[in-house]
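Asks: Just so it is clear, I am handing over query.tsv, which has TSV, C-alpha atoms.
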chain	number	residue	atom	x	y	z
A	1	MET	CA	-125.31	-7.48	4.39
A	2	ARG	CA	-127.53	-4.42	4.49
A	3	VAL	CA	-128.11	-3.01	7.96
A	4	ALA	CA	-129.96	-0.10	9.55
A	5	ALA	CA	-128.40	1.33	12.72
A	6	PHE	CA	-130.20	3.80	14.96
A	7	ASP	CA	-128.33	5.72	17.65
A	8	CYS	CA	-130.56	7.53	20.15
A	9	GLY	CA	-128.62	9.70	22.56
A	10	THR	CA	-129.45	12.47	24.98
A	11	ASN	CA	-129.43	15.11	22.25
A	12	SER	CA	-129.81	13.44	18.85
A	13	LEU	CA	-131.38	10.54	16.98
A	14	ARG	CA	-129.33	9.27	14.06
A	15	LEU	CA	-129.77	6.70	11.32
A	16	LEU	CA	-127.18	4.90	9.20
A	17	ILE	CA	-128.13	2.52	6.43
A	18	ALA	CA	-125.11	0.70	5.02
A	19	ASP	CA	-123.91	-2.35	3.17
A	20	VAL	CA	-121.17	-4.29	4.98
A	21	ASP	CA	-119.18	-6.93	3.09
A	22	GLU	CA	-117.66	-10.14	4.47
A	23	HIS	CA	-114.37	-8.34	5.21
A	24	GLY	CA	-116.06	-5.66	7.31
A	25	ALA	CA	-115.79	-2.92	4.67
A	26	MET	CA	-118.78	-0.62	4.91
A	27	THR	CA	-120.50	1.41	2.19
A	28	ASP	CA	-122.84	4.17	3.37
A	29	LEU	CA	-126.21	4.34	1.68
A	30	ARG	CA	-127.90	6.93	3.88
A	31	ARG	CA	-127.03	8.98	6.97
A	32	GLU	CA	-129.53	11.16	8.80
A	33	THR	CA	-129.30	13.18	12.03
A	34	ARG	CA	-132.04	15.00	13.91
A	35	ILE	CA	-131.76	16.86	17.19
A	36	VAL	CA	-134.56	15.56	19.43
A	37	ARG	CA	-133.21	16.43	22.92
A	38	LEU	CA	-134.67	13.24	24.41
A	39	GLY	CA	-132.70	13.91	27.59
A	40	GLN	CA	-134.37	17.27	28.23
A	41	GLY	CA	-134.57	17.70	32.02
A	42	VAL	CA	-133.67	14.06	32.79
A	43	ASP	CA	-130.79	15.07	35.07
A	44	ALA	CA	-133.23	17.02	37.27
A	45	THR	CA	-136.48	15.01	36.99
A	46	GLY	CA	-135.36	11.45	36.37
A	47	GLU	CA	-137.89	10.95	33.57
A	48	PHE	CA	-138.52	11.76	29.93
A	49	ALA	CA	-140.60	14.87	29.30
A	50	PRO	CA	-143.74	14.24	27.19
A	51	GLU	CA	-142.64	16.76	24.56
A	52	ALA	CA	-139.19	15.11	24.34
A	53	LEU	CA	-140.79	11.73	23.72
A	54	GLU	CA	-143.04	13.16	21.01
A	55	ARG	CA	-140.11	14.81	19.24
A	56	THR	CA	-138.25	11.50	19.30
A	57	PHE	CA	-141.24	9.49	18.08
A	58	ALA	CA	-141.84	11.96	15.23
A	59	VAL	CA	-138.28	11.49	13.98
A	60	ALA	CA	-138.49	7.71	14.49
A	61	ARG	CA	-141.56	7.68	12.22
A	62	GLU	CA	-139.63	9.65	9.61
A	63	PHE	CA	-136.65	7.29	9.86
A	64	ALA	CA	-138.91	4.23	9.64
A	65	GLU	CA	-140.08	5.44	6.23
A	66	VAL	CA	-136.47	6.04	5.13
A	67	ALA	CA	-135.34	2.58	6.27
A	68	ALA	CA	-138.24	0.91	4.47
A	69	GLU	CA	-136.94	2.31	1.17
A	70	TYR	CA	-133.72	0.28	1.54
A	71	SER	CA	-135.07	-3.04	2.91
A	72	PRO	CA	-132.29	-3.73	5.46
A	73	GLU	CA	-131.74	-7.32	6.58
A	74	LYS	CA	-131.03	-6.32	10.18
A	75	LEU	CA	-131.98	-3.33	12.31
A	76	ARG	CA	-130.80	-2.25	15.73
A	77	PHE	CA	-131.95	0.71	17.79
A	78	VAL	CA	-129.40	1.63	20.46
A	79	ALA	CA	-130.26	4.02	23.27
A	80	THR	CA	-127.54	5.47	25.47
A	81	SER	CA	-127.12	7.75	28.49
A	82	ALA	CA	-130.52	9.40	28.93
A	83	SER	CA	-132.38	6.11	28.60
A	84	ARG	CA	-130.37	4.48	31.41
A	85	ASP	CA	-131.46	7.04	33.96
A	86	VAL	CA	-135.24	7.37	33.60
A	87	LYS	CA	-138.25	6.03	35.45
A	88	ASN	CA	-140.61	6.05	32.45
A	89	ARG	CA	-138.49	4.29	29.86
A	90	ASP	CA	-141.20	1.66	29.26
A	91	GLU	CA	-143.22	4.40	27.56
A	92	PHE	CA	-140.23	5.10	25.34
A	93	PHE	CA	-139.76	1.39	24.58
A	94	ALA	CA	-143.43	0.96	23.65
A	95	GLY	CA	-143.40	3.99	21.37
A	96	ILE	CA	-140.31	2.91	19.45
A	97	PHE	CA	-141.56	-0.68	19.14
A	98	SER	CA	-144.88	0.51	17.72
A	99	ILE	CA	-143.03	2.56	15.08
A	100	LEU	CA	-140.08	0.35	14.12
A	101	GLY	CA	-141.08	-3.10	15.34
A	102	ILE	CA	-137.90	-3.44	17.40
A	103	VAL	CA	-137.25	-2.86	21.10
A	104	PRO	CA	-134.51	-0.33	21.90
A	105	ASP	CA	-131.30	-1.73	23.35
A	106	VAL	CA	-130.35	0.42	26.33
A	107	ILE	CA	-126.65	-0.34	26.35
A	108	THR	CA	-124.24	0.00	29.23
A	109	GLY	CA	-121.47	2.56	29.31
A	110	ASP	CA	-119.00	-0.25	28.61
A	111	GLU	CA	-120.81	-1.39	25.47
A	112	GLU	CA	-121.18	2.22	24.35
A	113	ALA	CA	-117.43	2.58	24.73
A	114	HIS	CA	-116.72	-0.58	22.73
A	115	LEU	CA	-119.03	0.44	19.87
A	116	SER	CA	-117.57	3.95	19.75
A	117	PHE	CA	-114.05	2.52	19.62
A	118	LEU	CA	-115.03	0.10	16.85
A	119	GLY	CA	-116.50	2.88	14.74
A	120	ALA	CA	-113.79	5.48	15.36
A	121	THR	CA	-110.82	3.20	14.70
A	122	ALA	CA	-112.23	1.29	11.71
A	123	GLY	CA	-109.65	1.30	8.92
A	124	ARG	CA	-106.89	2.89	11.04
A	125	SER	CA	-103.45	1.31	11.27
A	126	ALA	CA	-102.54	-0.26	14.61
A	127	ALA	CA	-99.15	1.44	14.24
A	128	ALA	CA	-100.80	4.73	15.23
A	129	GLY	CA	-101.98	3.24	18.54
A	130	PRO	CA	-102.62	3.02	21.32
A	131	PHE	CA	-105.76	5.04	20.59
A	132	MET	CA	-107.83	7.07	23.04
A	133	VAL	CA	-111.34	7.55	21.67
A	134	MET	CA	-113.48	10.25	23.29
A	135	ASP	CA	-117.21	10.01	22.54
A	136	LEU	CA	-118.67	13.28	23.83
A	137	GLY	CA	-122.42	12.87	24.11
A	138	GLY	CA	-125.23	14.88	25.58
A	139	GLY	CA	-125.56	12.94	28.83
A	140	SER	CA	-122.33	10.97	29.12
A	141	THR	CA	-118.80	10.96	27.78
A	142	GLU	CA	-116.81	7.81	27.13
A	143	LEU	CA	-113.01	7.49	27.12
A	144	VAL	CA	-111.79	4.28	25.51
A	145	LEU	CA	-108.18	3.11	25.32
A	146	GLY	CA	-106.88	0.35	23.08
A	147	THR	CA	-105.18	-0.65	19.85
A	148	GLY	CA	-106.74	-3.59	18.03
A	149	ASP	CA	-109.32	-4.00	20.77
A	150	VAL	CA	-110.40	-2.13	23.89
A	151	ASP	CA	-107.97	-2.36	26.79
A	152	SER	CA	-109.88	-0.14	29.23
A	153	ALA	CA	-112.82	2.23	29.17
A	154	VAL	CA	-114.76	4.57	31.38
A	155	SER	CA	-118.12	6.28	31.00
A	156	MET	CA	-118.33	9.65	32.75
A	157	ASP	CA	-121.72	10.92	33.87
A	158	ILE	CA	-121.33	14.23	32.08
A	159	GLY	CA	-121.98	15.58	28.59
A	160	SER	CA	-122.94	18.75	26.74
A	161	VAL	CA	-126.63	18.71	27.74
A	162	ARG	CA	-126.10	17.53	31.31
A	163	LEU	CA	-123.30	20.05	31.90
A	164	THR	CA	-125.41	22.88	30.47
A	165	GLU	CA	-128.42	22.02	32.61
A	166	ARG	CA	-126.32	21.69	35.76
A	167	HIS	CA	-124.19	24.82	35.47
A	168	MET	CA	-124.61	26.92	32.34
A	169	SER	CA	-128.28	27.10	31.34
A	170	VAL	CA	-128.11	30.84	30.70
A	171	GLU	CA	-127.40	32.68	27.48
A	172	LEU	CA	-123.98	33.92	28.55
A	173	PRO	CA	-122.44	32.08	31.54
A	174	ASP	CA	-120.40	34.11	34.00
A	175	GLN	CA	-117.07	33.07	35.49
A	176	THR	CA	-118.68	31.55	38.58
A	177	GLN	CA	-120.78	29.23	36.44
A	178	ILE	CA	-117.85	28.34	34.20
A	179	THR	CA	-115.70	27.58	37.24
A	180	ALA	CA	-118.42	25.31	38.65
A	181	ALA	CA	-118.56	23.46	35.34
A	182	ILE	CA	-114.77	23.10	35.26
A	183	ASP	CA	-114.77	21.71	38.80
A	184	ASP	CA	-117.42	19.16	37.79
A	185	ILE	CA	-115.44	18.12	34.69
A	186	ASP	CA	-112.15	17.86	36.57
A	187	ALA	CA	-113.72	15.75	39.32
A	188	GLN	CA	-115.04	13.35	36.66
A	189	LEU	CA	-111.60	13.21	35.04
A	190	ASP	CA	-109.91	12.49	38.37
A	191	GLN	CA	-112.13	9.43	38.76
A	192	ALA	CA	-111.64	8.37	35.13
A	193	ALA	CA	-107.84	8.52	35.49
A	194	ASP	CA	-108.05	5.71	38.05
A	195	ILE	CA	-109.57	3.46	35.37
A	196	VAL	CA	-107.92	4.52	32.10
A	197	ASP	CA	-104.21	5.35	31.76
A	198	PHE	CA	-104.18	8.92	30.43
A	199	SER	CA	-100.46	8.69	29.56
A	200	ALA	CA	-100.81	5.62	27.30
A	201	PRO	CA	-102.36	6.87	24.03
A	202	ARG	CA	-100.40	8.13	21.06
A	203	THR	CA	-103.46	9.04	18.99
A	204	PHE	CA	-106.49	10.83	20.45
A	205	ILE	CA	-109.70	10.59	18.39
A	206	GLY	CA	-112.64	12.82	19.23
A	207	VAL	CA	-116.07	11.79	17.94
A	208	ALA	CA	-119.73	12.92	17.98
A	209	GLY	CA	-121.52	16.11	17.06
A	210	THR	CA	-120.04	18.47	19.62
A	211	VAL	CA	-116.51	17.54	18.58
A	212	THR	CA	-117.18	17.73	14.85
A	213	THR	CA	-118.93	21.09	15.25
A	214	LEU	CA	-115.98	22.49	17.20
A	215	THR	CA	-113.69	21.19	14.46
A	216	ALA	CA	-115.70	23.06	11.83
A	217	GLY	CA	-115.04	26.22	13.85
A	218	ILE	CA	-111.33	25.49	14.22
A	219	LEU	CA	-111.10	24.98	10.45
A	220	GLY	CA	-113.06	28.17	9.78
A	221	LEU	CA	-115.57	26.42	7.53
A	222	GLU	CA	-118.36	28.40	5.88
A	223	SER	CA	-120.69	25.41	6.17
A	224	TYR	CA	-120.68	22.00	7.85
A	225	GLN	CA	-118.53	19.87	5.52
A	226	ARG	CA	-118.18	16.27	6.69
A	227	GLU	CA	-115.41	15.42	4.23
A	228	LYS	CA	-113.18	18.24	5.53
A	229	ILE	CA	-113.91	17.56	9.18
A	230	HIS	CA	-113.20	13.82	9.07
A	231	GLY	CA	-109.55	13.17	9.92
A	232	ALA	CA	-108.74	16.82	10.69
A	233	ARG	CA	-105.86	17.35	13.11
A	234	PHE	CA	-105.44	20.16	15.61
A	235	SER	CA	-103.61	21.18	18.78
A	236	VAL	CA	-104.74	21.59	22.37
A	237	GLN	CA	-104.42	25.33	21.89
A	238	ASP	CA	-106.76	25.20	18.88
A	239	VAL	CA	-109.42	23.50	20.99
A	240	GLU	CA	-108.97	25.86	23.94
A	241	ARG	CA	-109.27	28.94	21.72
A	242	GLN	CA	-112.44	27.62	20.11
A	243	ALA	CA	-113.96	26.74	23.49
A	244	GLU	CA	-113.16	30.18	24.90
A	245	GLN	CA	-114.67	31.86	21.86
A	246	LEU	CA	-117.94	29.94	22.24
A	247	LEU	CA	-118.13	30.74	25.95
A	248	SER	CA	-117.82	34.44	25.15
A	249	MET	CA	-120.65	34.42	22.58
A	250	ASP	CA	-124.33	34.95	23.29
A	251	ARG	CA	-126.94	32.64	21.81
A	252	GLU	CA	-127.55	34.81	18.76
A	253	ALA	CA	-123.85	34.86	17.88
A	254	ARG	CA	-123.52	31.08	18.25
A	255	ALA	CA	-126.63	30.53	16.14
A	256	ALA	CA	-125.16	32.72	13.38
A	257	LEU	CA	-122.11	30.49	12.94
A	258	PRO	CA	-122.47	29.02	9.43
A	259	TYR	CA	-121.70	25.43	10.46
A	260	MET	CA	-123.84	25.39	13.62
A	261	HIS	CA	-126.82	23.04	13.82
A	262	PRO	CA	-129.73	24.87	15.51
A	263	GLY	CA	-130.15	22.03	18.00
A	264	ARG	CA	-126.61	22.46	19.31
A	265	VAL	CA	-126.67	26.22	19.86
A	266	ASP	CA	-127.57	26.16	23.55
A	267	VAL	CA	-125.25	23.27	24.57
A	268	ILE	CA	-122.18	23.79	22.38
A	269	ALA	CA	-120.39	26.14	24.81
A	270	ALA	CA	-120.54	23.59	27.63
A	271	GLY	CA	-119.55	20.84	25.21
A	272	GLY	CA	-116.58	22.87	24.00
A	273	LEU	CA	-115.42	23.46	27.56
A	274	LEU	CA	-115.69	19.73	28.29
A	275	PHE	CA	-113.76	18.79	25.16
A	276	SER	CA	-110.99	21.29	25.87
A	277	ARG	CA	-110.53	20.09	29.47
A	278	VAL	CA	-110.33	16.44	28.40
A	279	VAL	CA	-107.90	17.04	25.53
A	280	ALA	CA	-105.62	19.19	27.71
A	281	ARG	CA	-105.62	16.59	30.50
A	282	ILE	CA	-104.73	13.69	28.18
A	283	ASP	CA	-102.10	15.69	26.31
A	284	SER	CA	-100.47	16.77	29.58
A	285	ALA	CA	-100.26	13.18	30.82
A	286	VAL	CA	-98.76	11.97	27.52
A	287	ARG	CA	-96.16	14.77	27.53
A	288	ALA	CA	-95.26	14.01	31.15
A	289	ALA	CA	-94.48	10.46	29.99
A	290	GLY	CA	-92.07	11.85	27.40
A	291	ALA	CA	-94.24	11.25	24.34
A	292	GLU	CA	-96.41	13.27	21.94
A	293	LEU	CA	-100.12	13.02	21.22
A	294	ASP	CA	-101.65	13.17	17.75
A	295	ILE	CA	-105.10	14.78	18.11
A	296	LEU	CA	-107.71	14.28	15.43
A	297	VAL	CA	-111.45	14.06	14.85
A	298	SER	CA	-113.48	11.30	13.24
A	299	GLU	CA	-116.89	11.43	11.60
A	300	THR	CA	-117.16	7.67	12.15
A	301	ASP	CA	-118.30	6.82	15.66
A	302	ILE	CA	-120.75	4.72	17.65
A	303	LEU	CA	-123.29	4.77	14.81
A	304	ASP	CA	-120.73	3.11	12.51
A	305	GLY	CA	-119.79	0.74	15.32
A	306	ILE	CA	-123.43	-0.35	15.66
A	307	ALA	CA	-123.65	-1.03	11.92
A	308	LEU	CA	-120.36	-2.97	11.81
A	309	ASP	CA	-121.28	-5.00	14.88
A	310	LEU	CA	-124.73	-5.74	13.48
A	311	ALA	CA	-123.20	-7.25	10.34
A	312	ARG	CA	-120.83	-9.58	12.21
A	313	PRO	CA	-121.66	-13.30	12.11
A	314	GLN	CA	-123.48	-14.34	15.26
A	315	SER	CA	-121.57	-16.85	17.37
What do you get writing this file as structure tokens?

Replies:
Amino acid sequence: MRVAAFDCGTNSLRLLIADVDEHGAMTDLRRETRIVRLGQGVDATGEFAPEALERTFAVAREFAEVAAEYSPEKLRFVATSASRDVKNRDEFFAGIFSILGIVPDVITGDEEAHLSFLGATAGRSAAAGPFMVMDLGGGSTELVLGTGDVDSAVSMDIGSVRLTERHMSVELPDQTQITAAIDDIDAQLDQAADIVDFSAPRTFIGVAGTVTTLTAGILGLESYQREKIHGARFSVQDVERQAEQLLSMDREARAALPYMHPGRVDVIAAGGLLFSRVVARIDSAVRAAGAELDILVSETDILDGIALDLARPQS
């Protein structure tokens, strides 16, 4: 079956067109990502900004033309964190429907977690589980624990864009701002630990653009290379060093990094801090339980999960 999956988050709009066979094996035909920053100011205003909607609609029109070239049998447009929180989402719905002919599905944090887990663990042996999948978005971050299926999940109301706007919306954050961000992250993790067992995983999989961009930095890549990033392994110390480096850079220095997408420049430092705090917390809990944690990154994520789920037979 040929499917077209759209993932509209707080920061980016992405498209995956793929063929999925009867065994669930997926062949990519086209992947596209654009930074639209739909969630611009949502944390403060509670509504989409007109310019954010127009950016998103412009990319949706572009993606509609791309999808039409492949004639998919099924399409699904999934909207996540930013779209749950706004007062004017009907305007967003109407705009997307007029362009694509489908109404966006504003999914819950639980469904977002399930789709992220499905995409991130596709093709991985259950022997490496239990898995902890971290989907670090712009407005929310999901932690999902399971092996063959999801055992528990939590959606934290924090992400790279939201954290930046709350605490670090300056070119070079000072220690007071960084400390405030850390306190916010740690408070969210304290609540999450009551829902998901941080000591249970044996494999930690980080997904989404912030994580893959940080991985490109850890690997010292001279350009963004998806094939080298996917499946890369690293230590807690690797992540912490990369996060600290980004926090010490001004905007110009971050923008000059050869693997950096322009749309991530102003939120990557907050995202790196968030990723480092989560990885360190999970790793510490696993070590306290007398085990070791394998930490890796995946280029397959919620977008792949949407496509795989879309191709499943309907019950």

Asks: Sorted by chain and rising residue number, which residues of segment 8-50 of chain A lie within 8 Å of segment 147-171 of chain A, and what are their closest atom pairs and distances in Å to one decimal, counting only C-alpha atoms, as JSON lines?

Replies:
{"residue": "A:Thr10", "atom": "CA", "partner": "A:Val161", "partner_atom": "CA", "distance": 7.4}
{"residue": "A:Asn11", "atom": "CA", "partner": "A:Val161", "partner_atom": "CA", "distance": 7.1}
{"residue": "A:Gly39", "atom": "CA", "partner": "A:Val161", "partner_atom": "CA", "distance": 7.7}
{"residue": "A:Gln40", "atom": "CA", "partner": "A:Val161", "partner_atom": "CA", "distance": 7.9}
{"residue": "A:Gly41", "atom": "CA", "partner": "A:Glu165", "partner_atom": "CA", "distance": 7.5}
{"residue": "A:Asp43", "atom": "CA", "partner": "A:Arg162", "partner_atom": "CA", "distance": 6.5}

Asks: For Val286 of chain A, which of A:Val211, A:Met132, A:Val42, A:Leu15 is the closest residue, counting only C-alpha atoms?

Replies: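 Using only C-alpha atoms, the shortest distance to Val286 of chain A belongs to A:Met132.
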
Asks: Could you tell me how far atom CA of Ala5 of chain A lies from atom CA of Gly272 of chain A, in Å and to one decimal?

Replies: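 Atom CA of Gly272 of chain A lies 27.0 Å from atom CA of Ala5 of chain A.
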
Asks: Using all atoms listed in the file, pick whichever of A:Glu54, A:Glu227, A:Asp250, A:Asp7 has the shortest atom-to-atom distance to Val106 of chain A.

Replies: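 Comparing A:Glu54, A:Glu227, A:Asp250, A:Asp7 against Val106 of chain A, the winner is A:Asp7.
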
Asks: Just want the 8 Å neighbourhood of segment 114-117 of chain A, counted on only C-alpha atoms, with same-chain residues fewer than 6 positions away dropped. Output as a PDB file with C-alpha atoms, in the coordinates of the input.

Replies:
ATOM      1  CA  VAL A 133    -111.340   7.550  21.670  1.00  0.00           C
ATOM      2  CA  ASP A 135    -117.210  10.010  22.540  1.00  0.00           C
ATOM      3  CA  VAL A 144    -111.790   4.280  25.510  1.00  0.00           C
ATOM      4  CA  VAL A 150    -110.400  -2.130  23.890  1.00  0.00           C
ATOM      5  CA  ASP A 301    -118.300   6.820  15.660  1.00  0.00           C
ATOM      6  CA  ILE A 302    -120.750   4.720  17.650  1.00  0.00           C
ATOM      7  CA  LEU A 303    -123.290   4.770  14.810  1.00  0.00           C
ATOM      8  CA  ASP A 304    -120.730   3.110  12.510  1.00  0.00           C
ATOM      9  CA  GLY A 305    -119.790   0.740  15.320  1.00  0.00           C
ATOM     10  CA  ILE A 306    -123.430  -0.350  15.660  1.00  0.00           C
ATOM     11  CA  ASP A 309    -121.280  -5.000  14.880  1.00  0.00           C
TER      12      ASP A 309
END

Asks: Separation of atom CA of Cys8 of chain A and atom CA of Ala68 of chain A, in Å?

Replies: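 So the two atoms, atom CA of Cys8 of chain A and atom CA of Ala68 of chain A, lie 18.7 Å apart.
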
Asks: Between atom CA of Leu16 of chain A and atom CA of Glu299 of chain A, what distance in Å does the model show, to one decimal?

Replies: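 Going from atom CA of Leu16 of chain A over to atom CA of Glu299 of chain A covers 12.4 Å.
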
Asks: Which residues are near Leu257 of chain A? Cut-off 9 Å, all atoms listed in the file, ignore same chain within fewer than 4 positions. Put them as a ChimeraX atom specification.

Replies: /A:217,222-223,253,261

Asks: Nearest to Thr203 of chain A among A:Leu273, A:Met1, A:Ile178, A:Ala291, with distances taken over only C-alpha atoms: which residue is it?

Replies: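 Once distances to Thr203 of chain A are computed over only C-alpha atoms, the minimum belongs to A:Ala291.
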
Asks: I want to know what sits within 9 Å of Val278 of chain A, based on all atoms listed in the file, with residues of the same chain fewer than 6 positions away left out; could you give that as a list in words?

Replies: Met134, Ile185, Asp186 and Leu189 of chain A

Asks: Under the rule that all atoms listed in the file are counted, which of A:Thr215, A:Gln225, A:Thr56, A:Ser199 is the nearest residue to Ala280 of chain A?

Replies: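 Closest residue, counting all atoms listed in the file: A:Ser199.
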
Asks: List as a list of chain:residue names the protein and nucleic acid residues near Glu73 of chain A, meaning an atom at most 9 Å away when only C-alpha atoms are counted, but skip any in the same chain fewer than 2 places from it.

Replies: A:Met1, A:Arg2, A:Val3, A:Ala4, A:Ser71, A:Leu75

Asks: Mind checking which residues fall within 12 Å of Leu221 of chain A, counting only C-alpha atoms, ignoring those fewer than 6 positions away in the same chain, and posting them as an MDAnalysis selection string?

Replies: chainID A and resid 212:215 227:229 257:260

Asks: Using all atoms listed in the file, find the one residue out of A:Gly129, A:Ala122, A:Tyr224, A:Ala64 that sits nearest to Ile102 of chain A.

Replies: A:Ala64

Asks: Nearest to Ser298 of chain A: which of A:Thr141, A:Ser248, A:Ser98, A:Thr210 is it, counting only C-alpha atoms?

Replies: A:Thr210

Asks: Around segment 175-187 of chain A, fit a box with edges along x, y and z, padding it by 8 Å on each side, then list its centre and edge lengths in Å to one decimal as JSON.

Replies:
{"center_x": -116.5, "center_y": 24.4, "center_z": 36.8, "size_x": 24.6, "size_y": 33.3, "size_z": 21.1}
